[in-house]
Amino acid sequence: MSEPVDQLEGPAAQAQTPASRLAAYVRGGGVVVPLLTTLLAFFIGGLVVLVTGHDPIATYKAIFEGTGFQWLFPWVTGDDRATAALNLQQTLILTTPLILTGLAVAFAFRAGLFNIGGQGQYTVGGIAAVWVGSSFAGMPGWLHIVLAIVAACLAGAAWAGIAGLLKATVGANEVISTIMLNYVALWVGVYLFALGGPLQNDQDKSVPISNDIVQNAHLPVFWGDPVLQGLHIGLFIALVAAFIFWVVLNRSTVGYEVRAVGLNPEAARYGGMSVAKNYVLVMAVCGLFAGLAGSMDVLGWQFHIATNDIQISQIGFLGIAVALLGRNTALGTVMAALLFGGLLSGTSQRNLDPSIFEPELAANLTTIIQGLVVLVVSADVLVITMLRRARGLIPGRSGT
Amino acid sequence: MTGATIAAPRARLSAKQLGWAGVVLGAVAWYITLPPLLVRTAVPSVLLALVAVGAGVAATRAGDARMGRAAILVGVSGGIGAIVAVNSGEANLEKVFVWSALFAAALRFATPLLFAALGGIMSERSGVINIGLEGMMLMGAFFGIFGADLTGSWLLGCLIGMAAGGALAVIHAVLSVSFRADQVVSGFGLNFLALGITGYVFVAHYGAEGTPGDVPRVPNVSLPGIEDLGFFGEAIGHANLLTWVALLLVVLTAVFLFRTPQGLRLRSVGEKPRASETVGVSVIRTRYIAVITSGFLAALGGAYLSIALLGSFTEGMTAGRGYIALAAVIFGAWRPFGALVAALLFGFSSALAQRLPEFSESTAVLFQALPYVLTLIVVAGVVGRSRPPASIGVPYVKE
């Protein structure tokens with residue numbers, strides 16, 4: 001097929017860990033490659049819309065209007081601006097957990113591990129948060145919130161730690177073990193809140209849902225009306241987490257070891273680092289991020305968990321696309337989370353105009369775009385090659 | 001020395017045999033507490049389980065860690081199973097453990113896993129990790145029933161489903177063989193793509209009503225003669241046509257891989273691609289064929305789910321079976337008959353999970369996790385270090 005790309009033929013391309021390949025990807029195109037990736041994914045998604053007899057431009061326009069991003073444009077005023085503000089709050093509410101599940105995947109990638117278990121870690125985090133948040137009534141609000149968050153982080157870390165431990169001790173492939181842990185978390189969660197389950201609510205035994213968390217433990221809303229699902233402070237917690245992610249990875253010994261193990265486990269071992277210890281540590285940290293994401297949703301706007309919520313949630317899985325598109329960096333993850341948060345809220349029942357495009361279809365369009373993003377990123381060479389070809393067309397600036 | 005003369009014949013009982021003995025003993029420990037034997041005390045079972053664990057330890061010491069771990073695992077779970085069974089009501093046990101029905105159900109649940117696992121073996125033996133099995137199954141499941149509904153023929157439905165799975169496999173081959181993508185990541189992307197595409201077309205075409213109830217189904221095969229043979233009659237007398245196809249494919253795949261020149265070439269490409277290329281085997285072409293074949297097979301497994309087993313489609317209905325099939329490939333050490341054993345094991349756990357609700361209503365939901373927990377244990381405990389094809393996951397760069 002295409003000519004091999006020279007830059008990818010160095011030692012980095014030979015050491016076959018996702019991290020090393022992705023390192024090449026980072027070098028390969030700066031911010032242009034993720035933008036091209038996104039464009040390509042949206043373009044193919046648009047083709048799907050076109051083939052099935054809808055107008056892709058009108059569809060994307062309707063989705064964009066559902067995201068509320070036009071609130072940022074100063075010329076949008078009046079009622080439009082008020083609606084846009086409400087929509088943007090929804091987008092940012094969804095961006096919050098996506099940043100965190102994205103970090104959960106990105107951190108693993110940096111250590112050469114593929115954490116597909118973000119969904120399960122998110123679920124157990126949510127369960128822990130809803131349990132703590134709905135118990136211990138009468139505690140001071142801030143303490144209650146902190147306790148619920150800590151419980152969620154620990155639950156997520158423990159859940160992901162299982163996969164790390166299995167990898168470190170018996171060499172079990174983390175891809176399969178994290179996928180299996182997702183399903184186990186799902187069924188454990190459904191069991192807990194199902195009819196007759198141990199954590200089912202006390203009020204109405206015919207509804208498979210948890211107890212509501214106490215009013216005191218709700219995260220404060222700083223933009224919009226708390227009754228109308230305004231934006232909670234979880235967004236700042238997620239941004240702080242992203243900053244900590246950057247500091248730990250780039251400015252600490254731990255992060256240095258993690259990156260070293262990711263780029264070349266053999267070399268790291270020769271350098272005196274314990275690869276096994278790092279695997280457990282890394283997975284635990286990943287689970288911590290994803291568990292935190294679960295608590296943000298529970299304490300910020302869901303306030304309870306229904307068995308149905310657990311079964312349809314995709315936040316953890318979307319984290320994979322977020323991390324890959326964000327090139328596993330802190331800033332990139334935040335930007336990619338914003339994109340997918342917008343896509344989620346723009347295609348939601350609440351925000352998308354059904355006369356232009358049915359929300360049920362749009363939800364699947366989101367999944368298609370998500371898949372395409374992951375595919376295109378996986379074939380980093382594809383985009384880089386295209387980029388080279390495009391540059392090669394300009395005289396005097398032929399790529400390599 | 002007398003010790004040496006005694007030890008000599010024991011050494012001939014190989015580590016592998018010791019391990020197998022442990023596995024069998026562990027299973028027997030559980031079996032005797034179940035119908036029809038229904039021993040109501042755990043003492044003999046626990047003793048048997050201890051012997052099984054002992055055999056496992058011995059096998060590990062004698063050098064077969066893999067079978068040793070298996071024996072220890074089966075011994076421990078056999079003992080626990082026996083204790084649980086002894087503490088359960090006899091009536092409940094009789095209701096759950098109807099062996100012929102359990103076996104028939106195990107076969108039903110094993111069939112889709114078997115198709116996908118055989119596909120996984122083809123792909124991985126050629127050196128390409130196929131985590132996209134899940135998505136290929138899903139494509140087969142939806143486009144199988146879609147095709148059967150449109151054409152009015154289950155056979156055409158199966159073929160259309162396979163074509164859809166094959167199409168997804170082509171993408172996987174292009175990305176991971178030609179563009180040398182990261183195979184795990186691209187395979188996972190394919191699963192999202194399949195989830196989105198099948199969900200999209202499903203919603204666009206069937207809407208809220210779902211697939212119609214009268215789609216043509218793959219028939220079950222009634223075996224005259226065996227039908228009335230008590231246990232066998234109920235267990236295999238009415239198995240689905242596709243179940244028999246799957247079992248036949250196990251034999252065919254094994255013969256192909258290990259008894260034909262083409263099979264040898266495929267395996268060589270997965271082990272030493274450079275060497276294969278040197279003797280004139282096209283690595284790229286072989287891998288393309290293997291990956292696309294795996295798409296066909298996995299899709300047929302998916303089509304079995306929708307147009308043979310259930311007669312309907314729901315979004316994401318494969319529910320991780322592709323990943324379980326992948327675990328079956330690893331557990332079966334990349335061999336068709338190994339995969340058969342693994343698929344039956346997972347099928348049995350699904351069958352058990354399905355029947356346990358009769359046993360206890362409130363915890364019934366929890367047992368849905370059983371196949372996944374089993375997969376986790378299997379991947380972690382027994383197959384920690386089974387040897388994959390040497391060049392698996394390594395993109396081939398032509399010189």
# chains A, B, ... in the order shown; residues from 1 in each chain; ligands from 1
call {"tool": "residues_around", "arguments": {"residues": "Met180 in chain A", "least_positions_apart": "5", "cutoff": "10 Å", "atoms": "only C-alpha atoms", "output": "PyMOL selection string"}}
result
(chain A and resi 116-117+120+163+174-175+185-186) or (chain B and resi 320+323-324+327+369+371-377+379)
call {"tool": "closest_atom_pairs", "arguments": {"of": "chain B", "to": "chain A", "cutoff": "9 Å", "atoms": "only C-alpha atoms", "output": "CSV"}}
result
residue,atom,partner,partner_atom,distance
B:Leu175,CA,A:Ala379,CA,6.0
B:Ser176,CA,A:Ala379,CA,7.5
B:Ser178,CA,A:Met1,CA,6.0
B:Phe179,CA,A:Ala379,CA,6.2
B:Arg180,CA,A:Ala379,CA,6.8
B:Ala181,CA,A:Ala379,CA,4.2
B:Asp182,CA,A:Ser378,CA,5.4
B:Gln183,CA,A:Ser378,CA,7.6
B:Val184,CA,A:Val175,CA,8.4
B:Val185,CA,A:Ser378,CA,5.6
B:Ser186,CA,A:Leu375,CA,4.8
B:Gly187,CA,A:Leu375,CA,7.8
B:Phe188,CA,A:Val374,CA,7.6
B:Gly189,CA,A:Gly371,CA,4.5
B:Leu190,CA,A:Gly371,CA,6.1
B:Asn191,CA,A:Gly371,CA,7.2
B:Phe192,CA,A:Gly371,CA,4.5
B:Leu193,CA,A:Gly371,CA,4.5
B:Ala194,CA,A:Ile368,CA,7.6
B:Leu195,CA,A:Thr367,CA,6.9
B:Gly196,CA,A:Ile368,CA,4.5
B:Ile197,CA,A:Ile368,CA,6.4
B:Thr198,CA,A:Asn364,CA,8.5
B:Gly199,CA,A:Asn364,CA,5.9
B:Tyr200,CA,A:Asn364,CA,5.3
B:Val201,CA,A:Leu361,CA,8.4
B:Val203,CA,A:Leu361,CA,6.3
B:Ala204,CA,A:Leu361,CA,6.8
B:Gly207,CA,A:Glu360,CA,8.9
B:Ala319,CA,A:Tyr183,CA,8.7
B:Gly320,CA,A:Tyr183,CA,8.0
B:Tyr323,CA,A:Ile176,CA,7.0
B:Ile324,CA,A:Met180,CA,8.3
B:Leu326,CA,A:Ile176,CA,8.2
B:Ala327,CA,A:Ile176,CA,7.2
B:Glu361,CA,A:Gly196,CA,8.7
B:Ser362,CA,A:Gly196,CA,5.8
B:Thr363,CA,A:Tyr191,CA,7.0
B:Ala364,CA,A:Tyr191,CA,8.2
B:Val365,CA,A:Tyr191,CA,5.4
B:Leu366,CA,A:Tyr191,CA,5.5
B:Phe367,CA,A:Trp187,CA,8.1
B:Gln368,CA,A:Trp187,CA,6.5
B:Ala369,CA,A:Val184,CA,5.2
B:Leu370,CA,A:Val184,CA,8.1
B:Tyr372,CA,A:Met180,CA,5.3
B:Val373,CA,A:Val184,CA,6.7
B:Thr375,CA,A:Met180,CA,7.1
B:Leu376,CA,A:Ser177,CA,5.7
B:Ile377,CA,A:Ser177,CA,9.0
B:Val379,CA,A:Ala172,CA,6.0
B:Ala380,CA,A:Ala172,CA,5.0
B:Gly381,CA,A:Val170,CA,7.2
B:Val383,CA,A:Ala172,CA,7.9
B:Gly384,CA,A:Val170,CA,5.2
B:Arg385,CA,A:Gly171,CA,6.9
B:Gly393,CA,A:Gln16,CA,8.0
B:Val394,CA,A:Gln16,CA,6.9
B:Pro395,CA,A:Gln16,CA,9.0
B:Val397,CA,A:Pro4,CA,8.1
call {"tool": "select_by_dssp", "arguments": {"residues": "range 99-143 of chain A", "states": "alpha helix (DSSP H)", "output": "JSON, numbers by chain"}}
result
{"A": [99, 100, 101, 102, 103, 104, 105, 106, 107, 108, 109, 110, 118, 119, 120, 121, 122, 123, 124, 125, 126, 127, 128, 129, 130, 131, 132, 133, 134, 141, 142, 143]}
call {"tool": "write_last_selection", "arguments": {"atoms": "N, CA and C atoms", "output": "compact mmCIF listing (two decimals), in the first residue's frame"}}
result
# COMPACT_ATOMS: atom_id res chain seq x y z
N ILE A 99 -13.84 14.30 30.79
CA ILE A 99 -12.44 14.67 31.05
C ILE A 99 -11.81 13.60 31.93
N LEU A 100 -12.56 13.21 32.97
CA LEU A 100 -11.99 12.29 33.95
C LEU A 100 -11.83 10.87 33.41
N THR A 101 -12.85 10.37 32.69
CA THR A 101 -12.67 9.02 32.13
C THR A 101 -11.62 9.06 31.02
N GLY A 102 -11.51 10.20 30.34
CA GLY A 102 -10.45 10.36 29.34
C GLY A 102 -9.08 10.28 30.00
N LEU A 103 -8.92 10.97 31.14
CA LEU A 103 -7.64 10.91 31.86
C LEU A 103 -7.35 9.48 32.31
N ALA A 104 -8.42 8.76 32.70
CA ALA A 104 -8.25 7.37 33.17
C ALA A 104 -7.66 6.50 32.07
N VAL A 105 -8.06 6.76 30.84
CA VAL A 105 -7.53 5.97 29.73
C VAL A 105 -6.14 6.49 29.34
N ALA A 106 -6.01 7.83 29.33
CA ALA A 106 -4.75 8.44 28.90
C ALA A 106 -3.59 8.05 29.81
N PHE A 107 -3.85 8.05 31.11
CA PHE A 107 -2.77 7.73 32.06
C PHE A 107 -2.25 6.32 31.81
N ALA A 108 -3.19 5.39 31.54
CA ALA A 108 -2.78 4.01 31.26
C ALA A 108 -1.96 3.95 29.97
N PHE A 109 -2.42 4.68 28.94
CA PHE A 109 -1.71 4.67 27.68
C PHE A 109 -0.28 5.14 27.86
N ARG A 110 -0.10 6.15 28.70
CA ARG A 110 1.25 6.67 28.89
C ARG A 110 2.16 5.63 29.51
N GLY A 118 -12.59 1.74 31.93
CA GLY A 118 -13.09 3.01 32.47
C GLY A 118 -14.58 2.94 32.80
N GLN A 119 -15.34 2.23 31.98
CA GLN A 119 -16.78 2.15 32.22
C GLN A 119 -17.08 1.47 33.56
N GLY A 120 -16.42 0.37 33.82
CA GLY A 120 -16.65 -0.35 35.08
C GLY A 120 -16.17 0.46 36.28
N GLN A 121 -15.02 1.13 36.12
CA GLN A 121 -14.49 1.94 37.21
C GLN A 121 -15.40 3.12 37.50
N TYR A 122 -15.95 3.69 36.44
CA TYR A 122 -16.92 4.78 36.56
C TYR A 122 -18.16 4.28 37.32
N THR A 123 -18.61 3.08 36.96
CA THR A 123 -19.81 2.52 37.60
C THR A 123 -19.59 2.28 39.09
N VAL A 124 -18.49 1.62 39.46
CA VAL A 124 -18.29 1.36 40.89
C VAL A 124 -18.08 2.67 41.66
N GLY A 125 -17.45 3.65 41.01
CA GLY A 125 -17.31 4.96 41.65
C GLY A 125 -18.68 5.57 41.93
N GLY A 126 -19.55 5.50 40.95
CA GLY A 126 -20.90 6.03 41.12
C GLY A 126 -21.65 5.31 42.23
N ILE A 127 -21.48 3.98 42.28
CA ILE A 127 -22.17 3.20 43.32
C ILE A 127 -21.68 3.63 44.71
N ALA A 128 -20.35 3.75 44.84
CA ALA A 128 -19.79 4.14 46.14
C ALA A 128 -20.31 5.53 46.53
N ALA A 129 -20.33 6.45 45.56
CA ALA A 129 -20.75 7.82 45.85
C ALA A 129 -22.23 7.85 46.25
N VAL A 130 -23.05 7.08 45.57
CA VAL A 130 -24.48 7.12 45.87
C VAL A 130 -24.75 6.47 47.22
N TRP A 131 -23.93 5.48 47.56
CA TRP A 131 -24.14 4.81 48.85
C TRP A 131 -23.76 5.76 49.98
N VAL A 132 -22.56 6.36 49.89
CA VAL A 132 -22.14 7.29 50.94
C VAL A 132 -23.06 8.51 50.95
N GLY A 133 -23.38 9.02 49.76
CA GLY A 133 -24.17 10.24 49.68
C GLY A 133 -25.59 10.08 50.20
N SER A 134 -26.13 8.86 50.14
CA SER A 134 -27.50 8.68 50.60
C SER A 134 -27.54 8.17 52.05
N GLY A 141 -22.26 19.43 55.03
CA GLY A 141 -22.28 19.20 53.59
C GLY A 141 -20.92 18.95 52.99
N TRP A 142 -19.95 19.83 53.26
CA TRP A 142 -18.65 19.70 52.60
C TRP A 142 -17.97 18.40 52.96
N LEU A 143 -18.13 17.98 54.24
CA LEU A 143 -17.51 16.74 54.69
C LEU A 143 -18.14 15.55 53.98
call {"tool": "closest_residue", "arguments": {"among": "A:Cys153, A:Ala330, A:Ile44, A:Ala323", "to": "Val247 in chain A", "atoms": "only C-alpha atoms"}}
result
A:Ala330
call {"tool": "residues_around", "arguments": {"residues": "Val279 in chain B", "least_positions_apart": "5", "cutoff": "12 Å", "atoms": "only C-alpha atoms", "output": "count of residues only"}}
result
6
call {"tool": "closest_residue", "arguments": {"among": "A:Gly332, A:Gly164, A:Gly342, A:Pro220", "to": "Tyr60 in chain A", "atoms": "only C-alpha atoms"}}
result
A:Gly342
call {"tool": "select_by_dssp", "arguments": {"residues": "range 98-313 of chain A", "states": "strand (DSSP E)", "output": "PyMOL selection string"}}
result
chain A and resi 221-223+231-232
call {"tool": "write_last_selection", "arguments": {"atoms": "N, CA and C atoms", "output": "CSV table (one decimal), in the first residue's frame"}}
result
chain,number,residue,atom,x,y,z
A,221,VAL,N,-24.2,24.4,42.6
A,221,VAL,CA,-24.3,24.9,41.2
A,221,VAL,C,-23.8,26.3,41.1
A,222,PHE,N,-22.9,26.6,40.1
A,222,PHE,CA,-22.4,27.9,40.0
A,222,PHE,C,-22.9,28.7,38.8
A,223,TRP,N,-23.5,28.0,37.9
A,223,TRP,CA,-24.1,28.7,36.7
A,223,TRP,C,-25.4,28.0,36.3
A,231,LEU,N,-25.0,24.1,36.0
A,231,LEU,CA,-23.7,23.6,35.9
A,231,LEU,C,-23.1,23.5,37.4
A,232,HIS,N,-22.6,22.3,37.8
A,232,HIS,CA,-22.1,22.2,39.1
A,232,HIS,C,-20.6,22.4,39.1
call {"tool": "residues_around", "arguments": {"residues": "Ala141 in chain B", "least_positions_apart": "4", "cutoff": "8 Å", "atoms": "only C-alpha atoms", "output": "list in words"}}
result
Met137, Ile145, Gly161, Ala299, Leu300, Gly301, Gly302, Ala303, Tyr304, Leu305, Ser306, Ile307, Phe313 and Thr318 of chain B
call {"tool": "residues_around", "arguments": {"residues": "Ala275 in chain B", "least_positions_apart": "6", "cutoff": "12 Å", "atoms": "only C-alpha atoms", "output": "VMD selection string"}}
result
chain B and resid 265 267 to 269 281 to 283 391 396 398 to 399
call {"tool": "residues_around", "arguments": {"residues": "Met139 in chain A", "least_positions_apart": "5", "cutoff": "12 Å", "atoms": "only C-alpha atoms", "output": "ChimeraX atom specification"}}
result
/A:132-134,144-148,214-217
call {"tool": "residues_around", "arguments": {"residues": "Phe103 in chain B", "least_positions_apart": "4", "cutoff": "12 Å", "atoms": "only C-alpha atoms", "output": "list of chain:residue names"}}
result
B:Val96, B:Phe97, B:Val98, B:Trp99, B:Leu107, B:Arg108, B:Phe109, B:Ala110, B:Phe231, B:Phe232, B:Gly233, B:Glu234, B:Ala235, B:Ile236, B:Gly237, B:His238, B:Ala239, B:Leu344, B:Leu345, B:Phe346, B:Gly347, B:Phe348, B:Ser349, B:Ser350, B:Ala351, B:Leu352, B:Arg355
call {"tool": "write_last_selection", "arguments": {"atoms": "N, CA and C atoms", "output": "PDB file, in the first residue's frame"}}
result
ATOM      1  N   VAL B  96     -32.627 -27.127  39.131  1.00  0.00           N
ATOM      2  CA  VAL B  96     -31.572 -26.458  38.359  1.00  0.00           C
ATOM      3  C   VAL B  96     -30.751 -27.461  37.558  1.00  0.00           C
ATOM      4  N   PHE B  97     -30.379 -28.570  38.188  1.00  0.00           N
ATOM      5  CA  PHE B  97     -29.433 -29.474  37.546  1.00  0.00           C
ATOM      6  C   PHE B  97     -30.130 -30.603  36.803  1.00  0.00           C
ATOM      7  N   VAL B  98     -30.872 -30.208  35.773  1.00  0.00           N
ATOM      8  CA  VAL B  98     -31.381 -31.218  34.852  1.00  0.00           C
ATOM      9  C   VAL B  98     -30.310 -31.337  33.781  1.00  0.00           C
ATOM     10  N   TRP B  99     -29.489 -32.379  33.886  1.00  0.00           N
ATOM     11  CA  TRP B  99     -28.248 -32.398  33.106  1.00  0.00           C
ATOM     12  C   TRP B  99     -28.480 -32.318  31.614  1.00  0.00           C
ATOM     13  N   LEU B 107     -24.708 -26.061  24.986  1.00  0.00           N
ATOM     14  CA  LEU B 107     -24.388 -26.144  23.559  1.00  0.00           C
ATOM     15  C   LEU B 107     -24.947 -24.933  22.813  1.00  0.00           C
ATOM     16  N   ARG B 108     -26.168 -24.530  23.178  1.00  0.00           N
ATOM     17  CA  ARG B 108     -26.778 -23.349  22.543  1.00  0.00           C
ATOM     18  C   ARG B 108     -25.939 -22.102  22.789  1.00  0.00           C
ATOM     19  N   PHE B 109     -25.498 -21.916  24.042  1.00  0.00           N
ATOM     20  CA  PHE B 109     -24.718 -20.716  24.363  1.00  0.00           C
ATOM     21  C   PHE B 109     -23.290 -20.813  23.830  1.00  0.00           C
ATOM     22  N   ALA B 110     -22.807 -22.040  23.680  1.00  0.00           N
ATOM     23  CA  ALA B 110     -21.420 -22.207  23.216  1.00  0.00           C
ATOM     24  C   ALA B 110     -21.294 -21.920  21.724  1.00  0.00           C
ATOM     25  N   PHE B 231     -30.999 -39.202  27.701  1.00  0.00           N
ATOM     26  CA  PHE B 231     -30.116 -38.059  27.907  1.00  0.00           C
ATOM     27  C   PHE B 231     -29.655 -37.465  26.577  1.00  0.00           C
ATOM     28  N   PHE B 232     -29.130 -38.303  25.691  1.00  0.00           N
ATOM     29  CA  PHE B 232     -28.615 -37.789  24.423  1.00  0.00           C
ATOM     30  C   PHE B 232     -29.728 -37.169  23.587  1.00  0.00           C
ATOM     31  N   GLY B 233     -30.879 -37.798  23.646  1.00  0.00           N
ATOM     32  CA  GLY B 233     -32.014 -37.275  22.889  1.00  0.00           C
ATOM     33  C   GLY B 233     -32.302 -35.841  23.273  1.00  0.00           C
ATOM     34  N   GLU B 234     -32.373 -35.606  24.579  1.00  0.00           N
ATOM     35  CA  GLU B 234     -32.686 -34.246  25.011  1.00  0.00           C
ATOM     36  C   GLU B 234     -31.517 -33.300  24.834  1.00  0.00           C
ATOM     37  N   ALA B 235     -30.295 -33.827  24.995  1.00  0.00           N
ATOM     38  CA  ALA B 235     -29.119 -32.953  24.953  1.00  0.00           C
ATOM     39  C   ALA B 235     -28.779 -32.532  23.527  1.00  0.00           C
ATOM     40  N   ILE B 236     -28.764 -33.490  22.591  1.00  0.00           N
ATOM     41  CA  ILE B 236     -28.325 -33.124  21.240  1.00  0.00           C
ATOM     42  C   ILE B 236     -29.336 -33.492  20.169  1.00  0.00           C
ATOM     43  N   GLY B 237     -30.451 -34.083  20.546  1.00  0.00           N
ATOM     44  CA  GLY B 237     -31.422 -34.558  19.557  1.00  0.00           C
ATOM     45  C   GLY B 237     -32.073 -33.445  18.760  1.00  0.00           C
ATOM     46  N   HIS B 238     -32.140 -32.243  19.347  1.00  0.00           N
ATOM     47  CA  HIS B 238     -32.824 -31.146  18.656  1.00  0.00           C
ATOM     48  C   HIS B 238     -31.929 -29.927  18.513  1.00  0.00           C
ATOM     49  N   ALA B 239     -30.628 -30.125  18.435  1.00  0.00           N
ATOM     50  CA  ALA B 239     -29.711 -28.985  18.352  1.00  0.00           C
ATOM     51  C   ALA B 239     -29.923 -28.243  17.034  1.00  0.00           C
ATOM     52  N   LEU B 344     -17.487 -24.531  25.474  1.00  0.00           N
ATOM     53  CA  LEU B 344     -18.450 -25.337  26.229  1.00  0.00           C
ATOM     54  C   LEU B 344     -18.451 -24.929  27.700  1.00  0.00           C
ATOM     55  N   LEU B 345     -17.263 -24.640  28.218  1.00  0.00           N
ATOM     56  CA  LEU B 345     -17.167 -24.210  29.620  1.00  0.00           C
ATOM     57  C   LEU B 345     -17.948 -22.913  29.838  1.00  0.00           C
ATOM     58  N   PHE B 346     -17.712 -21.926  28.934  1.00  0.00           N
ATOM     59  CA  PHE B 346     -18.426 -20.659  29.068  1.00  0.00           C
ATOM     60  C   PHE B 346     -19.919 -20.857  28.810  1.00  0.00           C
ATOM     61  N   GLY B 347     -20.227 -21.728  27.828  1.00  0.00           N
ATOM     62  CA  GLY B 347     -21.626 -22.009  27.543  1.00  0.00           C
ATOM     63  C   GLY B 347     -22.311 -22.617  28.752  1.00  0.00           C
ATOM     64  N   PHE B 348     -21.599 -23.512  29.433  1.00  0.00           N
ATOM     65  CA  PHE B 348     -22.173 -24.147  30.608  1.00  0.00           C
ATOM     66  C   PHE B 348     -22.434 -23.119  31.705  1.00  0.00           C
ATOM     67  N   SER B 349     -21.481 -22.200  31.896  1.00  0.00           N
ATOM     68  CA  SER B 349     -21.678 -21.191  32.942  1.00  0.00           C
ATOM     69  C   SER B 349     -22.865 -20.297  32.605  1.00  0.00           C
ATOM     70  N   SER B 350     -23.054 -19.982  31.305  1.00  0.00           N
ATOM     71  CA  SER B 350     -24.219 -19.179  30.910  1.00  0.00           C
ATOM     72  C   SER B 350     -25.503 -19.955  31.161  1.00  0.00           C
ATOM     73  N   ALA B 351     -25.468 -21.251  30.818  1.00  0.00           N
ATOM     74  CA  ALA B 351     -26.654 -22.081  31.011  1.00  0.00           C
ATOM     75  C   ALA B 351     -27.022 -22.146  32.486  1.00  0.00           C
ATOM     76  N   LEU B 352     -25.986 -22.287  33.305  1.00  0.00           N
ATOM     77  CA  LEU B 352     -26.204 -22.350  34.750  1.00  0.00           C
ATOM     78  C   LEU B 352     -26.789 -21.032  35.246  1.00  0.00           C
ATOM     79  N   ARG B 355     -30.376 -20.787  34.590  1.00  0.00           N
ATOM     80  CA  ARG B 355     -31.287 -21.640  35.339  1.00  0.00           C
ATOM     81  C   ARG B 355     -31.307 -21.302  36.819  1.00  0.00           C
TER      82      ARG B 355
END
call {"tool": "atom_distance", "arguments": {"atom1": "CA of Pro219 in chain B", "atom2": "CA of Ile121 in chain B"}}
result
27.3 Å
call {"tool": "closest_residue", "arguments": {"among": "A:Pro56, A:Gly341, A:Gly46, A:Gly66", "to": "Asp353 in chain A", "atoms": "only C-alpha atoms"}}
result
A:Gly66
call {"tool": "atom_distance", "arguments": {"atom1": "CA of Gly112 in chain A", "atom2": "CA of Val261 in chain A"}}
result
7.0 Å
